Every structure is written in structure tokens, then in C-alpha cells.
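Asks: Sharing model.txt (compact mmCIF, C-alpha atoms and all ligand atoms) below.
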```txt
# COMPACT_ATOMS: atom_id res chain seq x y z
CA MET P 18 -7.71 -22.94 10.73
CA THR P 19 -8.99 -19.88 8.88
CA VAL P 20 -6.70 -17.21 7.53
CA ASP P 21 -7.79 -14.87 10.29
CA ALA P 22 -7.29 -17.46 12.99
CA ALA P 23 -3.81 -18.05 11.70
CA ILE P 24 -3.09 -14.34 11.71
CA GLU P 25 -4.39 -14.01 15.23
CA THR P 26 -1.90 -16.56 16.47
CA THR P 27 0.83 -14.02 15.76
CA ARG P 28 1.36 -11.24 18.23
CA PRO P 29 1.11 -7.61 17.17
CA ALA P 30 4.32 -5.65 17.32
CA PRO P 31 4.45 -3.52 20.46
CA PRO P 32 4.47 0.21 19.73
CA SER P 33 7.85 1.92 19.88
CA VAL P 34 8.55 5.41 21.12
CA LEU P 35 8.02 7.44 17.96
CA PRO P 36 6.35 6.12 14.82
CA SER P 37 8.63 5.59 11.86
CA LEU P 38 8.21 7.80 8.83
CA ILE P 39 9.29 4.86 6.69
CA GLY P 40 6.39 2.71 5.57
CA LEU P 41 3.74 5.38 4.95
CA GLU P 42 2.23 5.41 1.49
CA ARG P 43 2.21 8.70 -0.39
CA HIS P 44 -1.27 9.78 0.65
CA GLU P 45 -0.46 8.94 4.28
CA LEU P 46 2.69 11.00 4.05
CA VAL P 47 0.66 13.97 2.77
CA ASP P 48 -1.74 13.54 5.74
CA ALA P 49 1.20 13.37 8.13
CA VAL P 50 2.65 16.59 6.74
CA VAL P 51 -0.74 18.32 7.02
CA ALA P 52 -1.02 17.09 10.62
CA LEU P 53 2.30 18.78 11.33
CA GLY P 54 0.68 22.12 10.42
CA GLU P 55 1.98 22.48 6.88
CA PRO P 56 -0.56 24.40 4.72
CA GLU P 57 -2.68 22.07 2.58
CA GLY P 58 -1.50 23.78 -0.58
CA LYS P 59 2.13 22.93 0.12
CA ALA P 60 1.69 19.55 1.79
CA ARG P 61 1.71 17.56 -1.43
CA MET P 62 4.93 19.12 -2.60
CA ARG P 63 6.58 18.64 0.80
CA ALA P 64 5.48 15.02 0.93
CA GLN P 65 6.95 14.53 -2.51
CA GLN P 66 10.28 15.97 -1.37
CA ILE P 67 10.31 13.80 1.74
CA TRP P 68 9.46 10.75 -0.36
CA GLN P 69 12.49 11.33 -2.52
CA TRP P 70 14.75 11.88 0.46
CA LEU P 71 13.55 8.62 1.98
CA TYR P 72 13.38 6.29 -0.98
CA ARG P 73 15.61 7.80 -3.62
CA ARG P 74 18.42 9.22 -1.50
CA GLY P 75 18.20 6.96 1.54
CA ALA P 76 18.30 9.80 4.07
CA VAL P 77 18.71 8.57 7.63
CA ASP P 78 18.16 11.84 9.46
CA PHE P 79 15.90 14.80 8.98
CA GLU P 80 18.74 17.31 9.02
CA ALA P 81 19.96 15.91 5.72
CA MET P 82 16.67 16.92 4.04
CA THR P 83 18.01 20.26 2.97
CA THR P 84 15.22 21.07 0.51
CA LEU P 85 12.77 21.25 3.44
CA PRO P 86 12.44 24.37 5.60
CA LYS P 87 14.34 24.03 8.86
CA ASP P 88 11.28 24.28 11.06
CA LEU P 89 9.51 21.50 9.15
CA ARG P 90 12.58 19.33 9.62
CA SER P 91 12.48 19.88 13.36
CA ARG P 92 8.72 19.25 13.55
CA LEU P 93 9.25 15.99 11.67
CA ALA P 94 12.05 15.02 14.04
CA GLU P 95 9.81 15.64 17.06
CA ARG P 96 7.11 13.30 15.79
CA PHE P 97 8.86 10.62 13.74
CA ARG P 98 11.79 8.26 13.71
CA LEU P 99 13.86 7.69 10.61
CA GLU P 100 16.75 5.54 11.70
CA ARG P 101 17.31 2.00 10.50
CA PRO P 102 16.91 -0.97 12.80
CA ALA P 103 20.12 -2.07 14.50
CA ILE P 104 22.29 -4.49 12.56
CA ALA P 105 22.86 -7.18 15.18
CA ALA P 106 25.14 -9.19 12.90
CA GLU P 107 26.38 -9.14 9.36
CA GLN P 108 27.96 -12.02 7.49
CA ARG P 109 29.44 -12.41 4.06
CA SER P 110 29.69 -15.77 2.33
CA SER P 111 32.64 -16.87 0.24
CA ASP P 112 30.24 -16.76 -2.76
CA GLY P 113 29.39 -13.09 -2.22
CA THR P 114 26.05 -13.70 -0.50
CA ARG P 115 25.48 -11.28 2.35
CA LYS P 116 23.25 -11.74 5.35
CA TRP P 117 22.11 -9.20 7.90
CA LEU P 118 20.46 -9.91 11.21
CA LEU P 119 18.30 -6.89 12.02
CA ARG P 120 17.10 -6.09 15.52
CA PHE P 121 13.95 -4.03 15.97
CA PRO P 122 13.22 -1.76 18.94
CA ASP P 123 11.26 -4.53 20.72
CA GLY P 124 14.30 -6.79 20.56
CA GLN P 125 12.88 -9.13 17.90
CA GLU P 126 15.15 -10.05 15.04
CA VAL P 127 14.90 -11.14 11.41
CA GLU P 128 17.36 -12.06 8.74
CA THR P 129 17.62 -10.68 5.24
CA VAL P 130 19.90 -12.08 2.55
CA PHE P 131 21.38 -10.51 -0.59
CA ILE P 132 22.29 -12.90 -3.38
CA PRO P 133 24.36 -11.31 -6.15
CA GLU P 134 24.49 -12.84 -9.60
CA ASP P 135 26.24 -11.66 -12.76
CA ASP P 136 23.64 -9.24 -14.01
CA ARG P 137 21.19 -8.99 -11.13
CA GLY P 138 20.95 -9.18 -7.38
CA ALA P 139 18.06 -10.51 -5.34
CA LEU P 140 17.22 -9.53 -1.82
CA CYS P 141 15.45 -12.27 0.11
CA VAL P 142 13.10 -10.47 2.46
CA SER P 143 11.43 -11.72 5.65
CA THR P 144 7.84 -10.89 6.53
CA GLN P 145 7.48 -12.38 10.00
CA VAL P 146 9.64 -13.07 13.01
CA GLY P 147 9.50 -16.87 12.83
CA CYS P 148 6.51 -18.50 11.15
CA THR P 149 3.22 -19.89 12.47
CA LEU P 150 3.46 -22.74 9.99
CA THR P 151 5.62 -25.69 10.78
CA CYS P 152 6.82 -27.17 7.51
CA ALA P 153 8.74 -30.27 8.52
CA PHE P 154 11.97 -29.35 6.70
CA CYS P 155 12.17 -25.63 7.55
CA HIS P 156 14.26 -24.13 10.30
CA THR P 157 12.20 -20.93 10.53
CA GLY P 158 9.14 -23.03 11.41
CA THR P 159 10.85 -24.17 14.62
CA MET P 160 11.12 -20.69 16.09
CA PRO P 161 8.95 -20.34 19.19
CA LEU P 162 8.32 -16.61 18.91
CA VAL P 163 6.25 -15.31 16.04
CA ARG P 164 5.02 -11.89 15.14
CA ASN P 165 4.15 -10.11 11.95
CA LEU P 166 6.60 -7.52 10.69
CA LYS P 167 5.29 -4.02 10.14
CA THR P 168 5.52 -2.37 6.73
CA GLU P 169 8.46 -0.28 7.89
CA GLU P 170 10.26 -3.40 9.12
CA ILE P 171 9.85 -5.15 5.77
CA LEU P 172 11.04 -2.04 3.93
CA ALA P 173 13.88 -1.56 6.40
CA GLN P 174 15.44 -4.72 5.00
CA VAL P 175 15.55 -3.15 1.54
CA MET P 176 16.91 0.09 2.99
CA VAL P 177 19.67 -1.58 5.04
CA ALA P 178 20.77 -3.66 2.07
CA SER P 179 20.70 -0.56 -0.15
CA ASP P 180 22.85 1.31 2.40
CA ALA P 181 25.40 -1.48 2.46
CA LEU P 182 25.48 -1.84 -1.32
CA GLY P 183 25.83 1.90 -1.90
CA GLU P 184 22.61 1.94 -3.91
CA TRP P 185 21.62 5.49 -2.95
CA THR P 186 24.83 7.01 -4.26
CA ARG P 187 25.57 4.80 -7.24
CA GLY P 188 25.35 7.68 -9.75
CA GLY P 189 25.10 6.29 -13.26
CA LYS P 190 26.18 2.78 -12.25
CA PRO P 191 23.63 -0.04 -12.64
CA LYS P 192 21.61 -1.16 -9.66
CA GLN P 193 22.91 -4.14 -7.73
CA LEU P 194 19.66 -4.75 -5.90
CA THR P 195 17.39 -5.47 -8.86
CA ASN P 196 15.01 -8.10 -7.50
CA ILE P 197 13.10 -8.84 -4.33
CA VAL P 198 12.14 -12.37 -3.45
CA VAL P 199 9.75 -12.52 -0.54
CA MET P 200 11.13 -15.86 0.58
CA GLY P 201 12.79 -15.13 3.87
CA MET P 202 11.38 -15.88 7.28
CA GLY P 203 7.62 -16.17 7.55
CA GLU P 204 4.59 -16.66 5.38
CA PRO P 205 3.99 -13.40 3.47
CA LEU P 206 0.34 -14.09 2.74
CA PHE P 207 -0.33 -14.39 6.48
CA ASN P 208 0.98 -10.84 6.77
CA TYR P 209 -0.51 -9.65 3.53
CA ASP P 210 -1.38 -6.04 4.30
CA ALA P 211 2.04 -5.04 5.58
CA THR P 212 3.79 -6.99 2.85
CA ALA P 213 1.64 -5.49 0.10
CA LYS P 214 2.18 -1.98 1.38
CA ALA P 215 5.95 -2.45 1.56
CA MET P 216 5.97 -3.79 -2.00
CA ARG P 217 3.85 -0.88 -3.28
CA ILE P 218 6.38 1.52 -1.79
CA ALA P 219 9.30 -0.43 -3.28
CA LEU P 220 7.58 -0.31 -6.69
CA ASP P 221 7.08 3.47 -6.70
CA GLY P 222 8.90 4.98 -9.67
CA GLU P 223 10.04 8.03 -7.75
CA GLY P 224 11.67 6.00 -5.05
CA ILE P 225 13.17 2.55 -4.94
CA ASP P 226 11.61 1.92 -8.33
CA LEU P 227 11.67 -1.84 -8.63
CA SER P 228 9.76 -3.50 -11.42
CA ARG P 229 6.75 -5.76 -10.74
CA ARG P 230 8.35 -8.40 -12.84
CA ARG P 231 11.31 -8.43 -10.51
CA ILE P 232 9.38 -9.06 -7.33
CA THR P 233 8.33 -12.58 -6.43
CA VAL P 234 6.18 -13.53 -3.47
CA SER P 235 6.54 -17.09 -2.23
CA THR P 236 3.71 -18.80 -0.40
CA SER P 237 3.25 -22.20 1.12
CA GLY P 238 -0.34 -22.04 -0.12
CA VAL P 239 -2.60 -19.44 1.53
CA VAL P 240 -5.18 -19.98 -1.19
CA PRO P 241 -7.65 -17.16 -0.39
CA ARG P 242 -4.90 -14.53 -0.66
CA ILE P 243 -3.30 -15.66 -3.89
CA GLU P 244 -5.71 -13.97 -6.28
CA GLN P 245 -5.62 -10.74 -4.24
CA CYS P 246 -1.85 -10.69 -4.33
CA GLY P 247 -1.82 -10.98 -8.12
CA ARG P 248 -4.60 -8.50 -8.69
CA GLU P 249 -3.36 -5.81 -6.32
CA LEU P 250 0.40 -6.12 -6.75
CA GLY P 251 0.89 -7.78 -10.14
CA VAL P 252 4.03 -9.47 -8.87
CA GLY P 253 5.39 -12.92 -9.63
CA LEU P 254 4.15 -15.90 -7.66
CA ALA P 255 6.17 -18.78 -6.26
CA VAL P 256 4.41 -21.70 -4.65
CA SER P 257 6.09 -24.08 -2.23
CA LEU P 258 4.66 -27.35 -3.47
CA HIS P 259 7.20 -29.95 -2.29
CA ALA P 260 4.89 -32.93 -2.69
CA VAL P 261 2.52 -34.21 -5.37
CA ARG P 262 0.15 -36.17 -3.13
CA ASP P 263 -1.98 -34.76 -0.35
CA ALA P 264 -1.00 -37.40 2.21
CA LEU P 265 2.66 -36.46 1.96
CA ARG P 266 2.07 -32.72 1.55
CA ASP P 267 -0.09 -32.79 4.70
CA GLU P 268 3.04 -33.94 6.54
CA LEU P 269 5.61 -31.72 4.87
CA VAL P 270 3.55 -28.54 4.55
CA PRO P 271 0.83 -28.77 7.22
CA LEU P 272 -1.11 -25.89 5.64
CA ASN P 273 -2.12 -28.45 3.03
CA ARG P 274 -4.64 -29.84 5.51
CA LYS P 275 -6.48 -26.54 5.16
CA TRP P 276 -6.02 -25.95 1.43
CA ASN P 277 -5.07 -29.05 -0.52
CA ILE P 278 -3.10 -29.46 -3.72
CA GLU P 279 -6.11 -29.21 -5.97
CA GLN P 280 -7.35 -25.99 -4.36
CA LEU P 281 -3.84 -24.57 -4.53
CA LEU P 282 -3.41 -25.39 -8.21
CA THR P 283 -6.82 -23.95 -9.02
CA ALA P 284 -5.71 -20.66 -7.45
CA CYS P 285 -2.54 -20.85 -9.57
CA ARG P 286 -4.49 -21.45 -12.77
CA THR P 287 -6.51 -18.30 -12.18
CA TYR P 288 -3.60 -16.18 -10.91
CA PRO P 289 -4.31 -12.85 -12.57
CA VAL P 290 -0.78 -11.99 -13.70
CA ARG P 291 -0.20 -12.84 -17.33
CA GLY P 292 3.05 -13.28 -19.15
CA LYS P 293 5.03 -14.54 -16.20
CA LEU P 294 5.58 -18.15 -15.26
CA ILE P 295 4.54 -19.33 -11.83
CA THR P 296 7.46 -20.87 -10.00
CA PHE P 297 6.86 -24.12 -8.17
CA GLU P 298 9.40 -24.75 -5.47
CA TYR P 299 10.22 -28.33 -4.73
CA VAL P 300 12.70 -29.24 -2.02
CA MET P 301 14.54 -32.47 -2.76
CA LEU P 302 14.28 -34.77 0.24
CA ASP P 303 16.09 -38.08 0.02
CA GLY P 304 13.68 -41.02 -0.14
CA VAL P 305 10.68 -38.81 0.66
CA ASN P 306 9.46 -36.96 -2.44
CA ASP P 307 12.13 -37.60 -5.06
CA THR P 308 11.15 -40.69 -7.11
CA ASP P 309 10.62 -40.83 -10.86
CA ALA P 310 6.93 -41.41 -10.14
CA ASP P 311 6.86 -38.15 -8.14
CA ALA P 312 8.41 -36.30 -11.07
CA HIS P 313 5.90 -37.77 -13.55
CA GLU P 314 3.02 -36.86 -11.24
CA LEU P 315 4.39 -33.34 -10.96
CA VAL P 316 4.36 -33.05 -14.75
CA ARG P 317 0.76 -34.26 -14.77
CA LEU P 318 -0.33 -31.79 -12.09
CA LEU P 319 1.26 -28.83 -13.87
CA ARG P 320 0.09 -29.79 -17.36
CA ASP P 321 -2.14 -26.77 -17.96
CA LEU P 322 -0.13 -24.21 -16.03
CA PRO P 323 2.43 -21.64 -17.25
CA ALA P 324 4.99 -22.98 -14.82
CA LYS P 325 8.61 -23.56 -14.08
CA VAL P 326 9.93 -25.70 -11.29
CA ASN P 327 12.72 -24.73 -8.93
CA LEU P 328 14.30 -27.81 -7.49
CA ILE P 329 15.86 -26.83 -4.18
CA PRO P 330 18.46 -29.15 -2.71
CA PHE P 331 17.42 -29.61 0.92
CA ASN P 332 19.53 -27.39 3.15
CA PRO P 333 20.23 -29.14 6.41
CA TRP P 334 20.12 -27.41 9.76
CA PRO P 335 21.06 -28.67 13.21
CA GLY P 336 18.48 -31.23 14.30
CA SER P 337 16.66 -31.57 10.97
CA ARG P 338 15.40 -35.08 10.24
CA PHE P 339 15.85 -35.05 6.45
CA THR P 340 18.78 -35.40 4.12
CA CYS P 341 19.16 -33.99 0.64
CA SER P 342 18.55 -36.29 -2.33
CA PRO P 343 21.78 -37.48 -3.94
CA TRP P 344 22.88 -35.45 -6.94
CA PRO P 345 22.14 -38.11 -9.61
CA ARG P 346 18.59 -38.39 -8.22
CA ILE P 347 18.09 -34.62 -8.50
CA GLU P 348 19.44 -34.70 -12.06
CA ARG P 349 17.12 -37.52 -13.04
CA PHE P 350 14.15 -35.70 -11.49
CA ALA P 351 15.09 -32.53 -13.36
CA ALA P 352 15.48 -34.48 -16.62
CA ILE P 353 11.93 -35.85 -16.39
CA LEU P 354 10.62 -32.33 -15.93
CA SER P 355 12.62 -30.87 -18.77
CA GLU P 356 11.69 -33.70 -21.14
CA ALA P 357 8.10 -32.68 -20.45
CA GLY P 358 8.96 -29.10 -21.40
CA TYR P 359 9.35 -27.52 -17.98
CA ALA P 360 12.37 -25.42 -17.19
CA SER P 361 13.59 -26.96 -13.99
CA PRO P 362 16.71 -25.25 -12.74
CA VAL P 363 18.26 -26.76 -9.68
CA ARG P 364 18.75 -23.89 -7.33
CA THR P 365 22.39 -23.68 -6.37
CA PRO P 366 22.50 -23.26 -2.65
CA ARG P 367 23.93 -19.83 -1.92
CA GLY P 368 25.49 -18.69 1.28
CA ARG P 369 25.50 -22.14 2.83
CA ASP P 370 28.61 -21.34 4.86
CA ILE P 371 26.71 -18.57 6.64
CA LEU P 372 23.43 -20.52 6.99
CA ALA P 373 21.79 -18.11 4.57
CA ALA P 374 20.24 -20.66 2.22
CA CYS P 375 16.52 -21.40 1.86
CA GLY P 376 14.93 -22.62 5.03
CA GLN P 377 18.00 -22.05 7.18
CA LEU P 378 16.99 -18.62 8.36
CA LYS P 379 16.40 -18.45 12.04
CA THR P 380 17.55 -15.74 14.35
CA ALA P 381 20.12 -16.24 17.00
CA SER P 382 17.59 -15.18 19.64
CA GLU P 383 17.65 -18.60 21.26
CA ARG P 384 21.30 -19.22 20.74
CA PRO P 385 22.70 -16.65 23.15
CA ALA P 386 20.74 -18.25 26.00
CA ARG P 387 22.34 -21.57 25.25
CA VAL P 388 25.75 -20.01 24.85
CA ARG P 389 25.23 -18.24 28.15
CA ARG P 390 24.27 -21.48 29.83
CA LEU P 391 27.38 -23.16 28.48
CA ALA P 392 29.46 -20.23 29.60
CA ASP P 393 27.95 -20.48 33.09
CA HIS P 394 28.88 -24.16 33.21
CA ALA P 395 32.37 -23.37 32.08
CA ALA P 396 32.71 -20.70 34.75
CA ALA P 397 31.34 -22.96 37.51
N1 LIG O 1 6.90 -19.12 3.78
C1 LIG O 1 7.09 -18.97 2.38
C2 LIG O 1 8.36 -18.25 2.01
C3 LIG O 1 9.61 -18.57 2.81
S1 LIG O 1 10.35 -20.13 2.60
C4 LIG O 1 7.05 -20.32 1.72
O1 LIG O 1 7.07 -21.33 2.40
O2 LIG O 1 6.95 -20.33 0.50
C5 LIG O 1 11.19 -20.04 1.02
C6 LIG O 1 11.39 -21.42 0.35
O3 LIG O 1 12.40 -22.20 1.02
C7 LIG O 1 10.13 -22.26 0.40
O4 LIG O 1 9.92 -22.91 -0.82
C8 LIG O 1 10.47 -23.25 1.47
O5 LIG O 1 9.66 -24.37 1.41
C9 LIG O 1 11.92 -23.52 1.19
N2 LIG O 1 12.62 -24.17 2.31
C10 LIG O 1 12.31 -24.13 3.61
N3 LIG O 1 13.20 -24.87 4.33
C11 LIG O 1 14.10 -25.36 3.45
C12 LIG O 1 15.29 -26.16 3.59
N4 LIG O 1 15.72 -26.55 4.78
N5 LIG O 1 15.97 -26.47 2.47
C13 LIG O 1 15.56 -26.01 1.26
N6 LIG O 1 14.46 -25.24 1.07
C14 LIG O 1 13.74 -24.93 2.15
FE1 LIG O 2 6.94 -20.98 7.20
FE2 LIG O 2 7.69 -21.11 4.62
FE3 LIG O 2 9.18 -22.23 6.58
FE4 LIG O 2 6.84 -23.31 5.92
S1 LIG O 2 8.66 -23.14 4.60
S2 LIG O 2 7.61 -22.97 8.03
S3 LIG O 2 5.62 -21.49 5.46
S4 LIG O 2 8.77 -20.06 6.33
```
Please lay out the structure from this file as C-alpha cells.
Replies:
Amino acid sequence: MTVDAAIETTRPAPPSVLPSLIGLERHELVDAVVALGEPEGKARMRAQQIWQWLYRRGAVDFEAMTTLPKDLRSRLAERFRLERPAIAAEQRSSDGTRKWLLRFPDGQEVETVFIPEDDRGALCVSTQVGCTLTCAFCHTGTMPLVRNLKTEEILAQVMVASDALGEWTRGGKPKQLTNIVVMGMGEPLFNYDATAKAMRIALDGEGIDLSRRRITVSTSGVVPRIEQCGRELGVGLAVSLHAVRDALRDELVPLNRKWNIEQLLTACRTYPVRGKLITFEYVMLDGVNDTDADAHELVRLLRDLPAKVNLIPFNPWPGSRFTCSPWPRIERFAAILSEAGYASPVRTPRGRDILAACGQLKTASERPARVRRLADHAAA
């Protein structure tokens, strides 16, 4: 499977009534304003004002853009949409984690999760509806419907979370949404262009203004895109390794059959972002990938890499065939890594009670059908 073949297996998003103004880069916004008949000389300034309304003030309708002339506001409203996607469901975990299920105009849904910590808050963003890859332990990989998200749909997740957190109106208070982890549903490097564009917009200093160092893109190993991601975006890289031998990784992360561990680690060694550790994610599966020998081999594989390892306790989901390694096993595994000098935090599962933890994301799109069927039976 080539990258392009894999991309082609996803369906393009059907066009909706009006295009969204969210998701245009600055130069595209200038072009859009010119196309609306604004004189070239003023277009740049108008685009700048619109940019700030969108990404600094979180405006959700054109009428609110009071620094723009009224007629420009109405021309914008005739040609563009601004509103957020519908929030189909919202849940809050006992640990403060929040999860939103967003529904786009074509009815497709994705989840986005906000994980607050003491001095930072990370938004876990999805890049596809479902995922074309079928990692054996991941719930998202079991979704039958897959399509790439558009730039605006990736950004919409940041905007909806910012709305809910009061980020646009926080005054002098510190940001709550400080980090983005592109670790939600989907494989971001199979939807690179839209993901990259959304991140460039989120990085813009006159808008959402996140720092490169606070964005991390997680990939299951789309080797040909890794270098490009580092060079163009300069963001942090996380790699879903999960196994130290090809035979096992072929089973757990089927993309390994296309790009194996050695090719993946070579791409990591040449990742063009300096001064930031590469995170290796390793899901702890009982009796599968969690022996001392696995840990020692992991140390050997990472020996010349600026790396840290995130040990992720396996998060079960209905029907999954794995169980999580017992706690003492995880601790022993972590100890081997840290004795070898690798920071190896065990990721505390967050939002488990709302199925918001890693690999549990999957929209309810199938569930209502089943619920309906059950309801029909009950009524019969
Ligand atoms: N597709 C990308 C990003 C989304 S998955 C990737 O695979 O990297 C984010 C992380 O959660 C990945 O490391 C993934 O392997 C891990 N994950 C998936 N299912 C999981 C589960 N059930 N329990 C714990 N981690 C899981
Ligand atoms: Fe897709 Fe990542 Fe899940 Fe694998 S772990 S199926 S790449 S979302």
C-alpha cells in the first residue's frame, strides 16, 4: 500500500452548502476578500481584521465583526459559513477531562478530548472520521466509515473547546488550552495537508497563538511523511511503536508491513526538529509485548535517539481481545527503561469513565442503530 493508495481509500468530504471561512490561511483569506469586491489596497487590512475576529476573539457570526463595514459583513455572510459544527454530545469525567462529539453537516462525527493538568491543558484532536489502519488494540480502527477531516473540521475542534473553556474572553488569565496533541481519531499523516494547514493556523501569533513546542503529532509510522512534518511544521513527534520486533508489530500495527521498525527509526533519527525529544508510545498488553526482554530490546533500539517512552496502559473497549499488563509488570518495564536513562512516564489513563482515553475514541454513529433495534424489540 502506498501513501496515496491509503489516502484514496478514504472518501472525500461531500461539499456543504456554503464554504466555511474557518480554515483559510492568511493569503487565501486576502484572496477571498478581494473576490468579494473589496479594493486590493484594503483587502489585506480587512483580512487581518477578519483573522483576529475568527482566531483571537472566536466570533461565531459576521454581525459581531463590528470593525468591518456593514456591507462587507453582509457580503461575507452571503458567501461563507462561520458557525461551529453541532455538538452532538458532551461529557465530563470525574477527573476533569472533557469530551465533545462533534457532528459535521454531512452527518459524520468525531470526538475531541480536553485533558486539564495543573499548569497546562492538552486538546486531543482527531484528523479523520475513523481510521483506515486497523491496529489490533484500537477502537477507532474498527469503525467502518472513514473520511479525512477538512482543515476547518480539525480547527473546529480547537474552536469548540476554546468556546467551552472561555478562552476567547479570558482577559489576563492564563490559557487553559496550551497544548495540542494530534492523537485523536485517525492517522494524521494520512491526512497531512489538512492537518498541516490547521496546525499552521493554530500556530499563528495573531490568532490562537500556540507554540510549536506545544503541538505533538502522533503517527503509527507513515515514514515518507515524517520528515516533511518536521521540516514544515517544526512540531513534536510521537511514534506509536508498541512492539520491538517486526513479526509482532506487523500484527499489532499493520502499517509495519509497509514500513518496518528499522525504516521507522531511521526516519526518527533524521527528524529535523532539534531540542525536543521524540516520544515513543508503547501500549502495555498483557503477555503480548511486556516482557523484560521486550524492554531491553526497546532500550537497544532507541540507543542513539533523543527519546522518551510513554507507556500507555491498554484501555479496554467492548469486544477488544487484549487485557492491560498488571501494574507490577508495567513498573518493572518502566524501571528497565529508566535505568537505561530514558524517561518513561506511565500515562495515567484520563477520562476512562467517559471512554475518552487513548484508543477508545469511536463515535456513537453505529450505536444508535443498535439501540434502535433493541428499542424495536422491546416495543414488539
Ligand atoms: N493514529 C495515530 C494517532 C491516534 S492514536 C497513532 O496511531 O499514533 C493515539 C495513541 O493511542 C497511539 O499511540 C495508539 O496506538 C494508542 N492507542 C490506541 N488504542 C489504544 C488502547 N485501546 N489503549 C491504549 N492506547 C491505545
Ligand atoms: Fe488508526 Fe492510530 Fe488507531 Fe492505529 S492506533 S487504528 S493508526 S487511530
Asks: Within 10 Å of ligand LIG 2 (chain O), which residues show up when you count only C-alpha atoms and all ligand atoms? List them as a ChimeraX atom specification, please.
Replies: /P:143-160,200-207,235-239,256-259,269-272,300,375-379
Asks: Using atom CA of Val252 of chain P and atom CA of Arg231 of chain P as the two end points, give the distance in Å to one decimal.
Replies: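 A separation of 7.5 Å between them.
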Asks: Counting all atoms listed in the file, figure out which residue out of P:Ile197, P:Ile243, P:Ile353, P:Ala211 gets nearest to Val290 of chain P.
Replies: P:Ile243
Asks: Quick one: residues within 12 Å of Phe131 of chain P, all atoms listed in the file, excluding same-chain residues fewer than 4 positions away - as an MDAnalysis selection string?
Replies: chainID P and resid 107:110 112:118 137:143 174:175 177:179 181:182 193:201 367:368 373:374
Asks: With a distance cut-off of 7 Å and all atoms listed in the file, select the neighbouring residues of Leu254 of chain P, excluding the residue or stretch itself and same-chain residues fewer than 4 positions from it, and output the selection as JSON, numbers by chain.
Replies: {"P": [233, 234, 235, 295, 296]}
Asks: Pick the closest to ligand LIG 1 (chain O) from P:Glu223, P:Glu128, P:Glu169, P:Asp48: which is it, counting all atoms listed in the file?
Replies: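 Among P:Glu223, P:Glu128, P:Glu169, P:Asp48, it is P:Glu128 that comes nearest to ligand LIG 1 (chain O).
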Asks: Considering only C-alpha atoms and all ligand atoms, state which residue in the set P:Phe79, P:Tyr288, P:Tyr72, P:Phe331 is at the smallest distance from ligand LIG 1 (chain O).
Replies: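 Of P:Phe79, P:Tyr288, P:Tyr72, P:Phe331, the one nearest ligand LIG 1 (chain O) is P:Phe331, counting only C-alpha atoms and all ligand atoms.
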